[in-house]
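Only one structure is covered here, and it is reproduced in the block below.
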Amino acid sequence: MEDSVSQIEDSDRDAARRNVMFGLLLTAAAYLAYANSFAGVFLLDDYACIVDNAALRSLKATWQASRDEIPGGLRRRDVGRWTFALNYAAGGIEPYGYHWVNLAIHIAAGLLLFGIVRRTLDLPRSPEYLRESSGVLAFVVALFWLLHPLQTESVTYIVQRIESLMGLFFLACLYFVIRAADCGPDASVRRRGFGALAVVSLALGLWTKEVMFVAPFVVACYDYVFLSRSLRKSLADRGALYISFAVLLVIYFASTLKRVPVSATNSGRPTSWEYLRSQPGVLLHYLKLTFWPDDLCLDYGWPIATDPLEIYGKGAVILVLLSIGAWLLWKRSWVGFLIIAFFLILAPTSTIVPLHLAFEHRMYLPLACIVALVVIAAFVAIHRLAGARTSLAAVLILPMTLAVAWALGAATYQRNLDYLSAERMWQDVVDKRPRNPRGLVNLGRAKALANDKAKAIEMFETAMRVKPTYSPAPYNYGAWLSDRWNEPEKAIPLLQKSIEIRPRESDYHFALGNALRQAKRTEEAPDAYRKALELNDANHDARDNLAMALRELGRYEEAESTLKEAVARNPDPWLTHMELARVCVATGRPSEALRHFDAAMRSRPDQPLLGGELAWLLATHPDEAVRDGQRAVRLAIAARDSAPDLHLVWDALAAAQAEVGEFNEAVKSAEQALSLVGTADEISADEMSDEIIARIELYRSAQPFRDVAAEEEQSGTEK
């Protein structure tokens with residue numbers, strides 16, 4: 001008896017060591033496949049959800065963010081949103097740290113998948129040869145799933161952490177249900193503990209991504225096929241668990257469903273019928289990529305299906321697969337479970353809710369069903385072919401596993417290269433989908449950032465020809481003309497066209513206001529900014545720029561009132577404080593201006609324009625009590641080092657050097673400022689050049705500059 005117990009304990013220890021070894025191998029394989037992903041850049045929705053998301057700038061801002069301040073891609077997804085906030089708190093806007101977390105989530109999900117497959121194959125109902133090979137088969141399933149290049153969109157595309165994190169909680173929920181079922185009658189405390197962990201996993205998944213609501217249904221199918229032979233037995237063993245699931249789903253839908261958009265009106269997305277009839281083609285494409293992932297694309301721009309053969313022919317194929325899966329599930333077949341689980345997980349994003357038609361990250365979890373089905377079916381076939389000849393089976397299985405794993409890992413590594421630059425990724429999209437207007441627009445943006453203006457314009461104009469009703473094309477074209485290429489008069493009609501196509505887009509009105517200001521049509525800009533705020537009260541940039549326009553028009557009281565409202569609303573109001581400082585300078589309140597400058601500096605100590613303007617005030621104000629030449633020099637040097645091509649910081653440095661008596665250095669700095677003039681926004685380059693030349697003459701005569709313009713402006717206002 002003791003020998004038997006000892007043998008069981010030794011066997012358990014050997015199994016535990018093998019599982020640890022498998023886990024380490026899975027981790028190492030995943031790391032090698034994604035080793036080049038850490039240099040990947042932010043792309044597409046990463047900007048709205050992370051880079052430009054003011055609600056991530058501090059944990060306090062994340063906690064206090066209103067619904068309007070949360071980007072659409074993170075609303076109702078608080079768990080995922082908080083992971084980004086923690087990433088930002090740890091490393092700011094540096095993609096490297098985000099990629100590490102994404103890979104860690106992916107590896108953790110792979111380890112859970114390994115545990116699920118191994119424990120399922122270890123069930124008494126499995127044939128003995130499957131139980132004997134459960135660890136190896138689970139390892140192969142998890143390995144192929146971790147390495148498959150179809151997963152790159154959920155791992156390397158940073159914001160799709162939402163998908164992989166939901167997948168992690170989904171797998172955890174199922175895993176803990178299996179662990180609870182493994183507990184014997186004498187382990188009721190452990191059983192309840194695992195059940196509680198399953199409920200917690202469901203809750204975390206629900207508030208990560210909506211797809212998680214199908215997890216209880218997948219659990220029920222698993223229970224039906226693998227754990228219980230009757231509904232009565234299932235309810236007796238896990239009734240409390242299912243009641244907890246049901247209560248949690250009710251709470252979730254009661255708190256979120258009323259805010260989920262279900263209409264395609266003004267969204268540029270298809271109607272529910274257009275979406276449904278296009279999905280058969282999309283699903284078959286997903287299946288094709290599972291077996292031959294040679295056409296991966298970040299943004300398909302998938303067309304709405306109109307061909308009857310495309311709709312009904314491919315739809316019939318999907319219905320046949322569903323029917324086979326349902327029949328096999330009824331027969332309690334593991335194949336039926338995997339087929340139905342595949343379709344259940346895809347159902348929220350591949351039926352009638354009108355989203356973008358096709359995205360590869362939706363296959364993150366469903367891929368596990370297909371991989372498990374193929375691996376186990378192949379093993380069963382090889383076992384039957386080899387019979388008792390186990391050496392033959394080993395000869396067949398080992399090289400096949402190594403070859404497939406190598407091919408998948410190499411393809412993943414190669415695909416990650418496309419994520420290393422926005423230009424490369426969007427060129428890949430346009431090469432594969434040349435009539436995708438979003439791909440063309442984003443390639444245009446990438447070309448513009450690379451200073452290839454001609455190619456950028458070509459992409460924007462091509463997108464407008466391909467789809468004249470695609471509003472982001474004229475919007476991005478106009479925004480670049482105005483903000484970067486200093487051609488606001490050309491930009492204004494383009495921005496007006498984007499508003500005509502999609503009038504309720506706050507950013508479009510905001511961009512129009514900016515173009516009007518730059519074109520010296522400042523009196524028209526406030527209306528555009530106010531419209532932007534009417535459409536999105538959380539558009540803090542629009543509120544700040546409205547105040548700028550009002551200040552430029554001399555409407556200081558309105559500007560100050562707007563800015564004080566902005567300080568209370570904006571979670572990161574450094575620009576608001578900077579603009580308040582400008583208003584205070586213009587209205588003869590330098591002490592208040594210094595307080596606002598200091599408040600802005602505490603938030604953005606390295607912002608060159610901010611440092612330059614504060615240095616200018618400290619160096620040039622007529623009031624000796626305001627001036628502080630030494631501090632002005634320090635601020636101006638820091639601003640110059642941060643932005644050496646900005647003429648304003650050199651001008652401020654020259655004024656600061658003159659204030660402390662370094663007139664020769666001041667002349668050199670002012671001459672450098674003069675050489676950089678040519679992109680000034682507020683006054684013409686010629687006028688700016690004349691002013692700098694006049695200051696150079698002052699410095700040559702050993703006189704500091706005193707900025708009396710603000711006092712004169714205040715005097716005129718009082719009159």
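Letters for chains follow the order of the structure tokens (A, B, ...), residue numbers begin at 1 for each chain, and ligand numbers begin at 1 in the order shown.
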
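Summary of the local environment: counting only C-alpha atoms, residues at most 8 Å from Leu321 in chain A, other than itself and those fewer than 4 positions away along its chain, are Val317, Gly325 and Ile339 of chain A.
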
Could you pull the residues within 9 Å of range 293-309 of chain A, counting only C-alpha atoms, minus those fewer than 2 positions along the same chain, as a ChimeraX atom specification?
/A:148-150,153,157,270,274-275,277-279,281-282,288-291,311-315,356-360,408,411,415,425-426,428-429,432-433,435-439

Put those residues in a file: N, CA and C atoms, as a CSV table (one decimal), in the first residue's frame.
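As written to disk, result_15.csv reads:
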chain,number,residue,atom,x,y,z
A,148,HIS,N,1.2,31.6,-33.6
A,148,HIS,CA,0.5,31.9,-34.8
A,148,HIS,C,0.5,33.4,-35.2
A,149,PRO,N,0.9,33.7,-36.4
A,149,PRO,CA,1.0,35.1,-36.8
A,149,PRO,C,-0.3,35.9,-36.8
A,150,LEU,N,-1.4,35.1,-36.8
A,150,LEU,CA,-2.8,35.8,-36.7
A,150,LEU,C,-2.9,36.5,-35.4
A,153,GLU,N,-1.9,40.9,-34.3
A,153,GLU,CA,-2.8,42.1,-34.1
A,153,GLU,C,-3.3,42.3,-32.7
A,157,TYR,N,-0.1,45.1,-31.8
A,157,TYR,CA,-0.9,46.3,-31.9
A,157,TYR,C,-1.4,46.7,-30.5
A,270,PRO,N,-21.6,50.0,-41.6
A,270,PRO,CA,-22.7,49.4,-42.3
A,270,PRO,C,-24.0,49.3,-41.4
A,274,GLU,N,-26.4,44.9,-43.7
A,274,GLU,CA,-25.2,44.9,-44.5
A,274,GLU,C,-24.1,44.2,-43.8
A,275,TYR,N,-24.0,44.4,-42.5
A,275,TYR,CA,-23.0,43.7,-41.7
A,275,TYR,C,-23.2,42.2,-41.7
A,277,ARG,N,-24.8,40.2,-43.7
A,277,ARG,CA,-24.7,39.5,-45.0
A,277,ARG,C,-23.2,39.5,-45.5
A,278,SER,N,-22.4,40.4,-44.9
A,278,SER,CA,-21.0,40.4,-45.3
A,278,SER,C,-20.1,39.4,-44.4
A,279,GLN,N,-20.6,39.0,-43.3
A,279,GLN,CA,-19.8,38.2,-42.4
A,279,GLN,C,-19.5,36.8,-42.8
A,281,GLY,N,-18.3,35.8,-45.7
A,281,GLY,CA,-17.1,36.0,-46.4
A,281,GLY,C,-15.9,36.3,-45.4
A,282,VAL,N,-16.2,37.1,-44.4
A,282,VAL,CA,-15.2,37.5,-43.4
A,282,VAL,C,-14.8,36.2,-42.6
A,288,LYS,N,-9.4,30.8,-43.5
A,288,LYS,CA,-8.3,30.6,-44.5
A,288,LYS,C,-7.0,31.1,-43.9
A,289,LEU,N,-7.0,32.2,-43.1
A,289,LEU,CA,-5.8,32.7,-42.5
A,289,LEU,C,-5.3,31.8,-41.4
A,290,THR,N,-6.2,31.1,-40.8
A,290,THR,CA,-5.8,30.1,-39.8
A,290,THR,C,-4.9,29.1,-40.3
A,291,PHE,N,-5.2,28.6,-41.6
A,291,PHE,CA,-4.4,27.5,-42.2
A,291,PHE,C,-3.3,28.1,-43.1
A,311,ILE,N,-23.1,36.4,-50.7
A,311,ILE,CA,-23.9,36.4,-49.5
A,311,ILE,C,-24.5,35.0,-49.2
A,312,TYR,N,-25.2,34.4,-50.2
A,312,TYR,CA,-25.9,33.2,-49.9
A,312,TYR,C,-25.0,31.9,-50.0
A,313,GLY,N,-24.1,32.0,-51.0
A,313,GLY,CA,-23.2,30.8,-51.1
A,313,GLY,C,-22.3,30.6,-49.9
A,314,LYS,N,-21.6,31.7,-49.5
A,314,LYS,CA,-20.7,31.6,-48.4
A,314,LYS,C,-21.6,31.4,-47.1
A,315,GLY,N,-22.7,32.1,-47.1
A,315,GLY,CA,-23.6,31.9,-45.9
A,315,GLY,C,-24.0,30.5,-45.7
A,356,HIS,N,-16.7,47.7,-37.6
A,356,HIS,CA,-15.9,47.6,-38.8
A,356,HIS,C,-16.0,46.1,-39.2
A,357,LEU,N,-16.1,45.8,-40.5
A,357,LEU,CA,-16.5,44.5,-40.9
A,357,LEU,C,-15.5,43.4,-40.6
A,358,ALA,N,-14.2,43.7,-40.6
A,358,ALA,CA,-13.2,42.6,-40.4
A,358,ALA,C,-12.0,43.1,-39.7
A,359,PHE,N,-11.6,42.5,-38.6
A,359,PHE,CA,-10.4,42.7,-37.9
A,359,PHE,C,-9.8,41.4,-37.4
A,360,GLU,N,-8.5,41.2,-37.6
A,360,GLU,CA,-7.9,39.9,-37.2
A,360,GLU,C,-7.9,39.6,-35.7
A,408,LEU,N,5.4,29.0,-38.0
A,408,LEU,CA,4.5,29.9,-37.4
A,408,LEU,C,5.3,31.0,-36.7
A,411,ALA,N,6.9,33.3,-39.2
A,411,ALA,CA,6.0,34.2,-39.8
A,411,ALA,C,5.6,35.3,-38.8
A,415,ARG,N,6.1,39.2,-39.4
A,415,ARG,CA,4.9,40.1,-39.4
A,415,ARG,C,5.2,41.3,-38.4
A,425,MET,N,3.8,49.9,-42.0
A,425,MET,CA,2.5,49.2,-41.8
A,425,MET,C,1.5,49.7,-42.8
A,426,TRP,N,1.3,51.0,-43.0
A,426,TRP,CA,0.3,51.5,-43.9
A,426,TRP,C,0.6,51.2,-45.3
A,428,ASP,N,2.0,48.5,-46.3
A,428,ASP,CA,1.5,47.1,-46.4
A,428,ASP,C,0.0,47.0,-46.6
A,429,VAL,N,-0.7,47.9,-45.9
A,429,VAL,CA,-2.2,47.9,-46.0
A,429,VAL,C,-2.6,48.3,-47.4
A,432,LYS,N,-1.9,45.7,-50.1
A,432,LYS,CA,-2.9,44.6,-50.1
A,432,LYS,C,-4.3,45.1,-50.4
A,433,ARG,N,-4.6,46.3,-50.0
A,433,ARG,CA,-6.0,46.8,-50.2
A,433,ARG,C,-5.9,48.2,-50.7
A,435,ARG,N,-7.7,50.1,-52.5
A,435,ARG,CA,-8.9,50.9,-52.5
A,435,ARG,C,-9.5,51.1,-51.1
A,436,ASN,N,-8.7,50.9,-50.1
A,436,ASN,CA,-9.1,51.1,-48.7
A,436,ASN,C,-8.8,52.6,-48.4
A,437,PRO,N,-9.8,53.4,-48.2
A,437,PRO,CA,-9.6,54.9,-48.0
A,437,PRO,C,-8.9,55.2,-46.7
A,438,ARG,N,-9.2,54.4,-45.7
A,438,ARG,CA,-8.5,54.6,-44.4
A,438,ARG,C,-7.0,54.3,-44.5
A,439,GLY,N,-6.7,53.2,-45.2
A,439,GLY,CA,-5.3,52.9,-45.4
A,439,GLY,C,-4.6,54.0,-46.2

Just the number, please: distance in Å from CA of Phe38 in chain A to CA of His99 in chain A, one decimal.
5.4 Å

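In terms of minimum interatomic distance to Val219 in chain A, A:Val177 ranks closest within A:Val177, A:Ile345, A:Ile243, A:Ala196, counting only C-alpha atoms.
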
Identify, on the basis of only C-alpha atoms, every residue whose closest approach to range 656-665 of chain A does not exceed 8 Å; exclude the query and any residue fewer than 3 positions from it along the same chain; express the result as a PyMOL selection string.
chain A and resi 615-616+618-620+629-630+632-633+636+652-653+668-669+699-700+702-705

Deliver the residues from the most recent selection as a file, using all heavy atoms, as a short mmCIF file (atom, residue, chain, number, x, y, z; two decimals), in the first residue's frame.
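The new file again28.cif reads:
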data_model
loop_
_atom_site.label_atom_id
_atom_site.label_comp_id
_atom_site.auth_asym_id
_atom_site.auth_seq_id
_atom_site.Cartn_x
_atom_site.Cartn_y
_atom_site.Cartn_z
N ALA A 615 10.58 82.62 -19.96
CA ALA A 615 11.89 83.29 -19.98
C ALA A 615 11.76 84.70 -20.57
O ALA A 615 12.38 85.65 -20.07
CB ALA A 615 12.88 82.46 -20.79
N TRP A 616 10.96 84.84 -21.61
CA TRP A 616 10.75 86.16 -22.23
C TRP A 616 10.14 87.14 -21.23
O TRP A 616 10.60 88.29 -21.13
CB TRP A 616 9.85 86.00 -23.45
CG TRP A 616 9.57 87.30 -24.17
CD1 TRP A 616 8.50 88.11 -24.01
CD2 TRP A 616 10.40 87.92 -25.15
NE1 TRP A 616 8.60 89.21 -24.83
CE2 TRP A 616 9.76 89.12 -25.55
CE3 TRP A 616 11.61 87.58 -25.74
CZ2 TRP A 616 10.30 89.97 -26.50
CZ3 TRP A 616 12.15 88.43 -26.69
CH2 TRP A 616 11.50 89.61 -27.06
N LEU A 618 10.28 87.01 -17.93
CA LEU A 618 11.24 87.29 -16.86
C LEU A 618 12.39 88.17 -17.33
O LEU A 618 13.03 88.86 -16.52
CB LEU A 618 11.80 85.98 -16.31
CG LEU A 618 10.81 85.08 -15.57
CD1 LEU A 618 11.43 83.71 -15.31
CD2 LEU A 618 10.37 85.73 -14.26
N ALA A 619 12.66 88.17 -18.63
CA ALA A 619 13.80 88.93 -19.16
C ALA A 619 13.41 90.32 -19.65
O ALA A 619 14.25 91.23 -19.64
CB ALA A 619 14.46 88.15 -20.29
N THR A 620 12.16 90.49 -20.09
CA THR A 620 11.83 91.72 -20.84
C THR A 620 10.77 92.59 -20.19
O THR A 620 10.50 93.69 -20.69
CB THR A 620 11.34 91.35 -22.25
OG1 THR A 620 10.09 90.65 -22.16
CG2 THR A 620 12.36 90.49 -22.99
N GLY A 629 16.63 87.76 -14.44
CA GLY A 629 17.47 87.41 -15.58
C GLY A 629 18.11 86.05 -15.47
O GLY A 629 18.20 85.31 -16.46
N GLN A 630 18.60 85.69 -14.29
CA GLN A 630 19.28 84.41 -14.15
C GLN A 630 18.32 83.25 -14.41
O GLN A 630 18.68 82.28 -15.10
CB GLN A 630 19.87 84.31 -12.73
CG GLN A 630 20.98 85.31 -12.45
CD GLN A 630 22.21 85.08 -13.34
OE1 GLN A 630 22.44 83.99 -13.86
NE2 GLN A 630 23.00 86.13 -13.52
N ALA A 632 15.64 83.41 -16.16
CA ALA A 632 15.28 83.49 -17.58
C ALA A 632 16.33 82.79 -18.44
O ALA A 632 15.99 82.06 -19.39
CB ALA A 632 15.13 84.95 -18.01
N VAL A 633 17.60 82.97 -18.12
CA VAL A 633 18.66 82.31 -18.88
C VAL A 633 18.55 80.79 -18.75
O VAL A 633 18.64 80.06 -19.74
CB VAL A 633 20.04 82.80 -18.40
CG1 VAL A 633 21.15 81.93 -19.00
CG2 VAL A 633 20.26 84.26 -18.79
N ALA A 636 15.56 79.57 -20.76
CA ALA A 636 15.76 79.71 -22.21
C ALA A 636 16.76 78.69 -22.73
O ALA A 636 16.60 78.15 -23.84
CB ALA A 636 16.21 81.13 -22.53
N ALA A 652 14.14 84.43 -27.03
CA ALA A 652 14.02 84.56 -25.57
C ALA A 652 15.39 84.44 -24.91
O ALA A 652 15.69 85.16 -23.94
CB ALA A 652 13.07 83.49 -25.03
N LEU A 653 16.23 83.53 -25.40
CA LEU A 653 17.57 83.37 -24.83
C LEU A 653 18.38 84.65 -25.03
O LEU A 653 19.10 85.09 -24.11
CB LEU A 653 18.28 82.19 -25.49
CG LEU A 653 19.73 81.94 -25.03
CD1 LEU A 653 19.80 81.71 -23.53
CD2 LEU A 653 20.32 80.75 -25.78
N LYS A 668 24.62 86.92 -30.73
CA LYS A 668 24.73 85.64 -31.43
C LYS A 668 23.41 84.87 -31.39
O LYS A 668 22.98 84.30 -32.41
CB LYS A 668 25.84 84.80 -30.80
CG LYS A 668 27.23 85.38 -30.97
CD LYS A 668 28.27 84.51 -30.25
CE LYS A 668 29.66 85.13 -30.33
NZ LYS A 668 30.66 84.33 -29.57
N SER A 669 22.79 84.86 -30.23
CA SER A 669 21.51 84.14 -30.11
C SER A 669 20.43 84.78 -30.95
O SER A 669 19.63 84.10 -31.60
CB SER A 669 21.08 84.08 -28.64
OG SER A 669 22.00 83.36 -27.85
N TYR A 699 21.14 95.22 -28.49
CA TYR A 699 22.16 94.42 -27.81
C TYR A 699 23.56 94.89 -28.18
O TYR A 699 24.48 94.88 -27.34
CB TYR A 699 21.98 92.94 -28.14
CG TYR A 699 20.60 92.37 -27.84
CD1 TYR A 699 20.07 91.31 -28.58
CD2 TYR A 699 19.80 92.90 -26.82
CE1 TYR A 699 18.82 90.79 -28.32
CE2 TYR A 699 18.54 92.39 -26.55
CZ TYR A 699 18.05 91.34 -27.31
OH TYR A 699 16.80 90.83 -27.04
N ARG A 700 23.75 95.28 -29.41
CA ARG A 700 25.06 95.77 -29.83
C ARG A 700 25.44 97.07 -29.13
O ARG A 700 26.62 97.37 -28.96
CB ARG A 700 25.08 95.95 -31.35
CG ARG A 700 25.22 94.62 -32.11
CD ARG A 700 25.14 94.80 -33.60
NE ARG A 700 25.40 93.52 -34.29
CZ ARG A 700 25.03 93.27 -35.53
NH1 ARG A 700 24.37 94.20 -36.24
NH2 ARG A 700 25.30 92.10 -36.09
N ALA A 702 24.67 97.54 -26.09
CA ALA A 702 24.71 97.15 -24.67
C ALA A 702 23.45 97.57 -23.93
O ALA A 702 23.51 98.02 -22.78
CB ALA A 702 25.96 97.70 -24.00
N GLN A 703 22.30 97.42 -24.58
CA GLN A 703 21.03 97.73 -23.93
C GLN A 703 20.13 96.49 -23.95
O GLN A 703 19.98 95.85 -25.00
CB GLN A 703 20.31 98.87 -24.66
CG GLN A 703 21.05 100.18 -24.66
CD GLN A 703 20.25 101.25 -25.38
OE1 GLN A 703 19.12 101.57 -24.98
NE2 GLN A 703 20.82 101.78 -26.46
N PRO A 704 19.51 96.17 -22.82
CA PRO A 704 18.54 95.07 -22.81
C PRO A 704 17.23 95.51 -23.45
O PRO A 704 16.97 96.72 -23.59
CB PRO A 704 18.36 94.76 -21.33
CG PRO A 704 18.64 96.07 -20.65
CD PRO A 704 19.70 96.75 -21.46
N PHE A 705 16.43 94.54 -23.81
CA PHE A 705 15.14 94.85 -24.45
C PHE A 705 14.04 94.88 -23.39
O PHE A 705 14.01 94.05 -22.49
CB PHE A 705 14.81 93.79 -25.50
CG PHE A 705 13.44 93.95 -26.12
CD1 PHE A 705 13.18 95.00 -26.99
CD2 PHE A 705 12.41 93.07 -25.81
CE1 PHE A 705 11.92 95.16 -27.55
CE2 PHE A 705 11.15 93.22 -26.36
CZ PHE A 705 10.91 94.26 -27.24
#

Within 9 Å of Ile501 in chain A using only C-alpha atoms, minus same-chain residues under 3 positions, as a PDB file with all heavy atoms, in the first residue's frame:
ATOM      1  N   THR A 469     -17.187  60.133 -50.089  1.00  0.00           N
ATOM      2  CA  THR A 469     -17.940  60.375 -48.859  1.00  0.00           C
ATOM      3  C   THR A 469     -17.149  60.001 -47.606  1.00  0.00           C
ATOM      4  O   THR A 469     -17.701  60.016 -46.498  1.00  0.00           O
ATOM      5  CB  THR A 469     -19.247  59.558 -48.870  1.00  0.00           C
ATOM      6  OG1 THR A 469     -18.937  58.160 -49.005  1.00  0.00           O
ATOM      7  CG2 THR A 469     -20.144  60.003 -50.012  1.00  0.00           C
ATOM      8  N   TYR A 470     -15.876  59.672 -47.754  1.00  0.00           N
ATOM      9  CA  TYR A 470     -15.052  59.301 -46.596  1.00  0.00           C
ATOM     10  C   TYR A 470     -14.484  60.580 -45.990  1.00  0.00           C
ATOM     11  O   TYR A 470     -13.486  61.132 -46.453  1.00  0.00           O
ATOM     12  CB  TYR A 470     -13.943  58.351 -47.032  1.00  0.00           C
ATOM     13  CG  TYR A 470     -13.106  57.823 -45.886  1.00  0.00           C
ATOM     14  CD1 TYR A 470     -13.665  56.997 -44.918  1.00  0.00           C
ATOM     15  CD2 TYR A 470     -11.759  58.150 -45.773  1.00  0.00           C
ATOM     16  CE1 TYR A 470     -12.895  56.504 -43.867  1.00  0.00           C
ATOM     17  CE2 TYR A 470     -10.982  57.664 -44.735  1.00  0.00           C
ATOM     18  CZ  TYR A 470     -11.563  56.844 -43.780  1.00  0.00           C
ATOM     19  OH  TYR A 470     -10.808  56.371 -42.736  1.00  0.00           O
ATOM     20  N   SER A 471     -15.101  61.053 -44.924  1.00  0.00           N
ATOM     21  CA  SER A 471     -14.778  62.365 -44.365  1.00  0.00           C
ATOM     22  C   SER A 471     -13.358  62.495 -43.820  1.00  0.00           C
ATOM     23  O   SER A 471     -12.788  63.597 -43.867  1.00  0.00           O
ATOM     24  CB  SER A 471     -15.790  62.732 -43.277  1.00  0.00           C
ATOM     25  OG  SER A 471     -15.768  61.798 -42.215  1.00  0.00           O
ATOM     26  N   GLN A 496     -14.187  72.248 -44.531  1.00  0.00           N
ATOM     27  CA  GLN A 496     -15.635  72.476 -44.667  1.00  0.00           C
ATOM     28  C   GLN A 496     -16.303  71.292 -45.363  1.00  0.00           C
ATOM     29  O   GLN A 496     -17.438  70.926 -45.020  1.00  0.00           O
ATOM     30  CB  GLN A 496     -15.883  73.782 -45.437  1.00  0.00           C
ATOM     31  CG  GLN A 496     -15.524  75.019 -44.630  1.00  0.00           C
ATOM     32  CD  GLN A 496     -15.548  76.298 -45.449  1.00  0.00           C
ATOM     33  OE1 GLN A 496     -15.337  76.273 -46.678  1.00  0.00           O
ATOM     34  NE2 GLN A 496     -15.785  77.424 -44.800  1.00  0.00           N
ATOM     35  N   LYS A 497     -15.602  70.679 -46.307  1.00  0.00           N
ATOM     36  CA  LYS A 497     -16.147  69.500 -46.985  1.00  0.00           C
ATOM     37  C   LYS A 497     -16.289  68.334 -46.010  1.00  0.00           C
ATOM     38  O   LYS A 497     -17.291  67.608 -46.027  1.00  0.00           O
ATOM     39  CB  LYS A 497     -15.258  69.098 -48.160  1.00  0.00           C
ATOM     40  CG  LYS A 497     -15.732  67.857 -48.917  1.00  0.00           C
ATOM     41  CD  LYS A 497     -14.841  67.562 -50.097  1.00  0.00           C
ATOM     42  CE  LYS A 497     -15.279  66.291 -50.814  1.00  0.00           C
ATOM     43  NZ  LYS A 497     -16.655  66.386 -51.344  1.00  0.00           N
ATOM     44  N   SER A 498     -15.288  68.150 -45.158  1.00  0.00           N
ATOM     45  CA  SER A 498     -15.376  67.062 -44.178  1.00  0.00           C
ATOM     46  C   SER A 498     -16.555  67.279 -43.238  1.00  0.00           C
ATOM     47  O   SER A 498     -17.245  66.322 -42.862  1.00  0.00           O
ATOM     48  CB  SER A 498     -14.067  66.942 -43.395  1.00  0.00           C
ATOM     49  OG  SER A 498     -13.875  68.043 -42.535  1.00  0.00           O
TER      50      SER A 498
END

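The space between CA of Lys60 in chain A and CA of Leu546 in chain A spans 26.4 Å.
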
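Around Ala670 in chain A, within 6 Å and counting only C-alpha atoms, the residues found are Asp651, Ala654, Val667, Lys668, Gln672 and Ala673 of chain A, once anything fewer than 2 positions away on its own chain is removed.
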
Restricted to C-alpha atoms, what would the selected residues look like written as a CSV table (one decimal), in the first residue's frame?
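So the final result, stored in selection-v1.csv, reads:
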chain,number,residue,atom,x,y,z
A,651,ASP,CA,14.9,85.1,-29.2
A,654,ALA,CA,19.0,86.5,-26.5
A,667,VAL,CA,23.7,89.2,-30.4
A,668,LYS,CA,24.7,85.6,-31.4
A,672,GLN,CA,20.4,82.5,-34.7
A,673,ALA,CA,16.7,83.4,-34.1

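Considering the residues A:Tyr224, A:Trp327, A:Trp273, A:Phe194 and counting only C-alpha atoms, Leu241 in chain A has its shortest atom-to-atom contact with A:Phe194.
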
Leaving out Leu443 in chain A and any residue of its chain fewer than 4 positions from it, which residues lie within 8 Å of it when counting only C-alpha atoms, given as a count of residues only?
9

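Across A:Arg81, A:His577, A:Arg521, A:Arg13, the tightest approach to Ser603 in chain A is made by A:His577 when counting only C-alpha atoms.
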
Distance of CA of Asn514 in chain A from CA of Asp483 in chain A, expressed in Å to one decimal place:
7.8 Å

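Of the residues under consideration (A:Leu231, A:Ile340, A:Ala368, A:Ala203), A:Ala368 shows the shortest atom-to-atom contact distance to Phe114 in chain A when counting only C-alpha atoms.
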
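Proximity to Met601 in chain A was assessed for A:Leu575, A:Leu322, A:Ala28, A:Val585 counting only C-alpha atoms; the smallest distance is recorded for A:Leu575.
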